[in-house]
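Participant: Have a look at this one.
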Protein chains: 2
Amino acid sequence: MYVDQASPQELQSQLVELERQYAAFQASNLNLDLTRGKPSPAQLDLSNGLDGILGGDYRAPDGTDCRNYGGLDGIADAKALFSQVLGVKPSETLIGGNASLTLMFQNVAFAHLFGVRGPETAWSREGKVKFLCPVPGYDRHFGVCKELGIDMIPVAMDENGPVMDEVEAKLKADPLIKGIWCVPRFSNPSGIVYSDEVVARMAQLAKIAGPNFRIFWDNAYAIHALHDGAPELANLMDAARRQGTEDSVLIFGSTSKVTFAGSGLAFLGTSEENLKYFKQHLGMTTIGPDKVNQLRHVKFFGDYQGLLAHMKKHAELLKPRFDAVLEHLQAGLGDSDLGSWTVPEGGYFVSFDARPGLARDIVRLAGELGVKLTPAGATFPYGDDPQDRNIRLAPSFPSLEDINQTMEVFVVCVKLAAVRQKLGQ
Amino acid sequence: MYVDQASPQELQSQLVELERQYAAFQASNLNLDLTRGKPSPAQLDLSNGLDGILGGDYRAPDGTDCRNYGGLDGIADAKALFSQVLGVKPSETLIGGNASLTLMFQNVAFAHLFGVRGPETAWSREGKVKFLCPVPGYDRHFGVCKELGIDMIPVAMDENGPVMDEVEAKLKADPLIKGIWCVPRFSNPSGIVYSDEVVARMAQLAKIAGPNFRIFWDNAYAIHALHDGAPELANLMDAARRQGTEDSVLIFGSTSKVTFAGSGLAFLGTSEENLKYFKQHLGMTTIGPDKVNQLRHVKFFGDYQGLLAHMKKHAELLKPRFDAVLEHLQAGLGDSDLGSWTVPEGGYFVSFDARPGLARDIVRLAGELGVKLTPAGATFPYGDDPQDRNIRLAPSFPSLEDINQTMEVFVVCVKLAAVRQKLGQ
């Protein structure tokens, strides 16, 4: 269906048919949810061996009694393993609790309030500071900025990542920009992988933006490919080392989508000097992370190869769900002017762009049928999608059957909204 | 030995004898540590059953899949159990991660920066705010204030708790006082239990200090008696309910000294309205706590009686260590004018007051023998013990043998410092 080429009569007859289909869904009392990037129960089952894996031995290989207090940056074996996910040295790694969002919030808050190198470097002293936010992006990143009163400036993305000409120009023009949010591999929600050139230019941003600027490199899907041969991400820390800009690099990761979403480990990779200052403040808020859970994870995976083998099992469960979403989009909207979408090779999302001005309508229409979609606008700072077109689809959690039902509804809602818009209704 | 009544000759001969004893310790190359309130390995062993207790079933009794995301305030069964430790309703309870210090820091930081009821109630808007700090107290409480730039005002304690006349007078005189730090049962370090009258007057402080004032009631040793029949603590929330001051109450607890120090649960008890606002900000920093570990704890204890029975086993391990400390103090310093100490019925510490001006000397003398004591001054805001006399002794972690050795050294150092002071050396 091409609404731009349809006659008013054609549109009118489409409308009748679509409203009939919509009414049929209404009659079936749906209760479906495609909102959050949660692992499915089958994915969680892959890690059920975690509980009990210690067999009563709570000592780390280096002799640390993981049950007791101590060790602000986590156990050595967890650093050795998960530093490989981040692409940094173990000495540049901190292993935290169950939420990388907490590590991100702390890094923003500490830099803002206490400074990256003591109080005189606090961002808040410089005035109303700002972050660059490549869009579409992750709503919880935007939430951190909003909470701390940091202004957000959207930056366009293309298939290579953030448009670096725009990023560099904005940094040159405004010294109050102190950070940029990035999900560099299988980006949330677009699924793209930053190109080598984008990574190389990222490593040079501190030369424009100054020593207190930080790249928040949320590599949440670092090892979350849907198939072999998916694009790799260049190593940001290596690139920064070549430029002498390691201090600008804050890399985050977690096992939230590796083991248990709510009971995994979060990690931070950054320069040793950054870690030193971060830990000074972290130590005011906690005695240290849960080392027992770190030991469980180390024993469960054994080594990096074990971790990667585990991720293949996730891919086997996720791939059919992504395929289902993409098949419905292709079958229902492929030959149309009603929207475009990404075909991700990893991560947790499919990003759909409707015709401008329709995202809210589509989400509302689906919602009224009992089909929950991520709120329109959520992928933009302040919830403001200026073209009102982006919708994030998250197929990991529901069953295949639920995904199929949801996507049938979705396609009808996309069409119905477009026809109504075109008819001026 | 009474140095105030000793002749110069007597002091001189004491000095010779004490220096001989000190030199003998020097020869034995000690390496002892009585600094931190850490559980001993034997105490930790009591909870070794935690790992594996789930037997592959990660569902909470209410059906929650504890492995996945969700539930900012913890699982219902953990609230039901641990609210009884706090003395509040389950609906007034939040179960967090492994550190109550984190919950305390967040409560201070959120109130200071974001407000207790929205931005216009942020403490930071009122000016340079202050906390009352009953002394001697807990250094990590003081660390939170220091980190956030909150001034600290020491308040005297007696055997009933903080001197409430002083507390109330200070609050009347200064509306910028927004909080008070309390360890109400088996106080850190004095071991005293706040009297019923002190608790009742605490519940009325908000009537003097206004709606944004908060009592930080760190009930870390709520169920940590060394023997049956130890003094009970009156219920602060019940008292506050009678006064209509529930919003002024923030009660903290944890299982750090119940199960694993580094891998337990922390809890917060406060009014439902406070919880609502707290969670708004907490949700910007995390998706939620580790619910799997909460489920482990619930299954491990079963119910509150199970929890109390478990604490008796801790008491059996701790009591002989406290007795050893007290026996050495009594035998070595009981018939003297060289110091006084508390005889705690629970908690983790013995508080020793030397003759004024000697705490630093004593800690230094012991340190030079390889015996680490908590730094003098640590129990006061800014590390400043105005009389330089308080030393916190923490006997939980070392073996009985190590405690005996340490206390022999301690007694000699107390005597030596006093004799030298008296002789003007």
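Residues are named by chain letter and number: chains run A, B, ... in the order of the structure tokens, numbers start at 1 in each chain, and ligands are numbered from 1 in the order shown.
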Within 6 Å of segment 145-162 of chain A, counting only C-alpha atoms, which residues show up once you throw out same-chain ones fewer than 5 positions away? Write them as a compact mmCIF listing (two decimals) with N, CA and C atoms, in the first residue's frame, please.
Facilitator:
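Okay, this is what ended up in selection.txt:
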```
# COMPACT_ATOMS: atom_id res chain seq x y z
N VAL A 129 25.63 22.62 32.49
CA VAL A 129 26.32 21.75 31.54
C VAL A 129 25.34 20.90 30.74
N LYS A 130 25.87 20.29 29.68
CA LYS A 130 25.04 19.61 28.69
C LYS A 130 25.66 18.31 28.24
N PHE A 131 24.82 17.42 27.77
CA PHE A 131 25.26 16.16 27.16
C PHE A 131 24.73 16.08 25.74
N LEU A 132 25.54 15.49 24.87
CA LEU A 132 25.05 15.14 23.54
C LEU A 132 24.34 13.79 23.62
N CYS A 133 23.19 13.71 22.98
CA CYS A 133 22.39 12.49 23.00
C CYS A 133 22.08 12.05 21.57
N PRO A 134 22.88 11.13 21.03
CA PRO A 134 22.53 10.58 19.72
C PRO A 134 21.13 9.98 19.77
N VAL A 135 20.31 10.29 18.74
CA VAL A 135 18.91 9.83 18.74
C VAL A 135 18.61 9.04 17.47
N TYR A 194 28.59 1.06 15.59
CA TYR A 194 29.39 2.22 15.21
C TYR A 194 30.54 1.77 14.30
N SER A 195 30.79 2.52 13.26
CA SER A 195 31.87 2.18 12.32
C SER A 195 33.24 2.46 12.93
```
Participant: Running DSSP on the backbone, which parts of segment 22-259 of chain B land in strand (DSSP E), as a VMD selection string?
Facilitator: chain B and resid 32 to 33 93 to 95 130 to 135 151 to 158 161 to 162 177 to 182 214 to 218 249 to 254
Participant: When you get a sec, could you note down which chain A residues fall within 9 Å of chain B, using only C-alpha atoms, as JSON, numbers by chain?
Facilitator: {"A": [38, 39, 40, 41, 44, 48, 49, 50, 51, 52, 53, 54, 55, 56, 57, 58, 65, 66, 67, 68, 69, 70, 97, 98, 99, 100, 101, 102, 103, 104, 105, 106, 113, 114, 140, 141, 143, 144, 147, 148, 256, 259, 260, 261, 262, 263, 264, 281, 284, 285, 286, 287, 288, 289, 290, 291, 292, 293]}
Participant: Could you tell me how far atom CA of Ala309 of chain B sits from atom CA of Ser399 of chain B, in Å to one decimal place?
Facilitator: 23.4 Å
Participant: Could you give me, as a PyMOL selection string, each residue of segment 147-332 of chain A that DSSP assigns to alpha helix (DSSP H) when run on this structure's backbone?
Facilitator: chain A and resi 147+164-173+196-202+205-209+236-243+272-282+291-301+304-332
Participant: Write out, as a tab-separated table (two decimals), in the first residue's frame, the residues just selected, with C-alpha atoms.
Facilitator:
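Contents of selection.tsv, as written:
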```
chain	number	residue	atom	x	y	z
A	147	GLU	CA	17.60	13.95	37.31
A	164	MET	CA	30.49	12.91	13.84
A	165	ASP	CA	30.62	16.17	11.86
A	166	GLU	CA	27.66	17.31	13.92
A	167	VAL	CA	29.15	15.99	17.18
A	168	GLU	CA	32.46	17.77	16.59
A	169	ALA	CA	30.81	21.01	15.48
A	170	LYS	CA	28.63	21.11	18.58
A	171	LEU	CA	31.61	20.46	20.86
A	172	LYS	CA	33.60	23.22	19.20
A	173	ALA	CA	30.75	25.64	19.63
A	196	ASP	CA	35.61	2.08	12.83
A	197	GLU	CA	35.83	5.69	11.68
A	198	VAL	CA	33.23	6.81	14.19
A	199	VAL	CA	35.12	5.05	17.00
A	200	ALA	CA	38.41	6.63	15.89
A	201	ARG	CA	36.84	10.09	15.86
A	202	MET	CA	35.24	9.47	19.27
A	205	LEU	CA	36.75	14.26	20.99
A	206	ALA	CA	38.56	15.13	24.21
A	207	LYS	CA	40.99	17.17	22.15
A	208	ILE	CA	38.10	19.42	21.22
A	209	ALA	CA	36.07	19.20	24.38
A	236	LEU	CA	37.58	2.56	21.93
A	237	MET	CA	40.15	2.31	24.71
A	238	ASP	CA	42.86	1.20	22.30
A	239	ALA	CA	42.01	4.11	20.02
A	240	ALA	CA	42.07	6.49	22.99
A	241	ARG	CA	45.41	5.14	24.14
A	242	ARG	CA	46.86	6.02	20.77
A	243	GLN	CA	45.52	9.56	21.20
A	272	GLU	CA	43.45	3.90	36.08
A	273	GLU	CA	43.53	7.56	37.07
A	274	ASN	CA	39.76	7.89	36.57
A	275	LEU	CA	39.20	4.72	38.56
A	276	LYS	CA	41.23	6.09	41.43
A	277	TYR	CA	39.07	9.22	41.71
A	278	PHE	CA	35.85	7.31	41.13
A	279	LYS	CA	36.66	4.92	43.95
A	280	GLN	CA	37.33	7.79	46.35
A	281	HIS	CA	33.69	8.80	46.00
A	282	LEU	CA	32.27	5.31	45.60
A	291	LYS	CA	31.75	-10.46	45.73
A	292	VAL	CA	29.94	-13.78	46.23
A	293	ASN	CA	27.88	-13.15	43.12
A	294	GLN	CA	31.04	-12.17	41.25
A	295	LEU	CA	32.63	-15.46	42.23
A	296	ARG	CA	29.54	-17.33	41.06
A	297	HIS	CA	29.79	-15.70	37.65
A	298	VAL	CA	33.50	-16.45	37.33
A	299	LYS	CA	32.95	-20.10	38.20
A	300	PHE	CA	29.92	-20.36	35.92
A	301	PHE	CA	31.72	-19.15	32.78
A	304	TYR	CA	35.97	-15.75	28.01
A	305	GLN	CA	35.38	-18.62	25.58
A	306	GLY	CA	32.86	-20.06	28.00
A	307	LEU	CA	31.12	-16.69	28.11
A	308	LEU	CA	30.94	-16.46	24.32
A	309	ALA	CA	29.63	-20.03	24.06
A	310	HIS	CA	26.90	-19.08	26.53
A	311	MET	CA	25.94	-16.10	24.35
A	312	LYS	CA	25.36	-18.39	21.38
A	313	LYS	CA	22.58	-20.07	23.33
A	314	HIS	CA	20.96	-16.68	23.85
A	315	ALA	CA	21.19	-16.00	20.12
A	316	GLU	CA	19.41	-19.27	19.39
A	317	LEU	CA	16.49	-18.15	21.52
A	318	LEU	CA	16.44	-14.55	20.32
A	319	LYS	CA	16.91	-15.00	16.58
A	320	PRO	CA	13.47	-16.52	15.85
A	321	ARG	CA	11.80	-13.68	17.76
A	322	PHE	CA	13.62	-11.03	15.76
A	323	ASP	CA	12.85	-12.93	12.59
A	324	ALA	CA	9.16	-12.96	13.46
A	325	VAL	CA	9.09	-9.20	13.95
A	326	LEU	CA	10.95	-8.60	10.71
A	327	GLU	CA	8.79	-11.02	8.73
A	328	HIS	CA	5.61	-9.28	9.83
A	329	LEU	CA	7.05	-5.89	8.98
A	330	GLN	CA	8.22	-7.10	5.60
A	331	ALA	CA	5.00	-8.91	4.76
A	332	GLY	CA	2.71	-6.15	6.00
```
Participant: Set the distance at 6 Å and use only C-alpha atoms: which residues neighbour His112 of chain A once local chain neighbours fewer than 4 positions away are removed? I'd like the list as a compact mmCIF listing (two decimals) with N, CA and C atoms, in the first residue's frame.
Facilitator:
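Dumped everything to around21.txt:
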```txt
# COMPACT_ATOMS: atom_id res chain seq x y z
N VAL A 108 28.21 10.11 36.27
CA VAL A 108 27.72 11.45 35.93
C VAL A 108 27.62 12.30 37.19
N ALA A 122 34.58 20.09 39.19
CA ALA A 122 33.16 19.71 39.14
C ALA A 122 32.47 20.42 37.97
N TRP A 123 31.77 19.64 37.18
CA TRP A 123 31.05 20.23 36.04
C TRP A 123 30.12 21.35 36.50
N SER A 124 29.46 21.11 37.65
CA SER A 124 28.45 22.07 38.11
C SER A 124 29.05 23.46 38.33
```
Participant: Do you know which residues are at most 9 Å from segment 3-15 of chain A counting only C-alpha atoms, after dropping those on the same chain fewer than 5 positions away, and could you put them as a PyMOL selection string?
Facilitator: chain A and resi 20+336-338+415-416+418-420+422-423
Participant: Would you mind listing what lies within 10 Å of Gly87 of chain A as an MDAnalysis selection string, with only C-alpha atoms counted and same-chain residues fewer than 4 positions away left out?
Facilitator: chainID A and resid 82:83 92:93 222 234:238 251 269
Participant: Export, as a short mmCIF file (atom, residue, chain, number, x, y, z; two decimals), in the first residue's frame, the selected residues with C-alpha atoms.
Facilitator:
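For reference, part32.cif as written:
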```cif
data_model
loop_
_atom_site.label_atom_id
_atom_site.label_comp_id
_atom_site.auth_asym_id
_atom_site.auth_seq_id
_atom_site.Cartn_x
_atom_site.Cartn_y
_atom_site.Cartn_z
CA PHE A 82 34.94 -9.11 32.15
CA SER A 83 37.68 -6.64 31.18
CA GLU A 92 41.25 -0.45 34.23
CA THR A 93 38.20 -2.44 35.35
CA ALA A 222 28.97 -6.04 23.45
CA ALA A 234 36.44 -1.21 17.16
CA ASN A 235 38.12 -0.95 20.57
CA LEU A 236 37.58 2.56 21.93
CA MET A 237 40.15 2.31 24.71
CA ASP A 238 42.86 1.20 22.30
CA ILE A 251 32.96 1.97 29.13
CA GLY A 269 36.29 0.23 32.22
#
```
Participant: Name all residues at most 9 Å from Asp139 of chain A (count only C-alpha atoms; drop same-chain ones fewer than 4 positions away) and give them as a PyMOL selection string.
Facilitator: chain A and resi 143-144+378-383
Participant: Please save N, CA and C atoms of the selected residues as a PDB file, in the first residue's frame.
Facilitator:
```
ATOM      1  N   GLY A 143      17.184   9.893  31.453  1.00  0.00           N
ATOM      2  CA  GLY A 143      16.701  10.065  32.823  1.00  0.00           C
ATOM      3  C   GLY A 143      17.797  10.509  33.782  1.00  0.00           C
ATOM      4  N   VAL A 144      19.004   9.994  33.583  1.00  0.00           N
ATOM      5  CA  VAL A 144      20.130  10.391  34.441  1.00  0.00           C
ATOM      6  C   VAL A 144      20.397  11.883  34.291  1.00  0.00           C
ATOM      7  N   ALA A 378       9.889   7.994  23.744  1.00  0.00           N
ATOM      8  CA  ALA A 378      10.780   7.507  24.802  1.00  0.00           C
ATOM      9  C   ALA A 378      12.232   7.441  24.331  1.00  0.00           C
ATOM     10  N   THR A 379      12.438   7.324  23.048  1.00  0.00           N
ATOM     11  CA  THR A 379      13.798   7.185  22.531  1.00  0.00           C
ATOM     12  C   THR A 379      14.460   8.538  22.277  1.00  0.00           C
ATOM     13  N   PHE A 380      13.799   9.617  22.703  1.00  0.00           N
ATOM     14  CA  PHE A 380      14.357  10.965  22.529  1.00  0.00           C
ATOM     15  C   PHE A 380      14.437  11.687  23.868  1.00  0.00           C
ATOM     16  N   PRO A 381      15.434  12.581  24.031  1.00  0.00           N
ATOM     17  CA  PRO A 381      15.502  13.389  25.254  1.00  0.00           C
ATOM     18  C   PRO A 381      14.184  14.125  25.478  1.00  0.00           C
ATOM     19  N   TYR A 382      13.805  14.216  26.746  1.00  0.00           N
ATOM     20  CA  TYR A 382      12.566  14.889  27.156  1.00  0.00           C
ATOM     21  C   TYR A 382      11.329  14.231  26.545  1.00  0.00           C
ATOM     22  N   GLY A 383      11.484  12.998  26.037  1.00  0.00           N
ATOM     23  CA  GLY A 383      10.347  12.310  25.421  1.00  0.00           C
ATOM     24  C   GLY A 383       9.846  13.003  24.165  1.00  0.00           C
TER      25      GLY A 383
END
```
Participant: Given the choices B:Asp385, B:Glu19, B:Glu345, B:Glu120, which gets closest to Cys413 of chain B if the distance is worked out from only C-alpha atoms?
Facilitator: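 The shortest atom-to-atom distance to Cys413 of chain B comes from B:Glu19.
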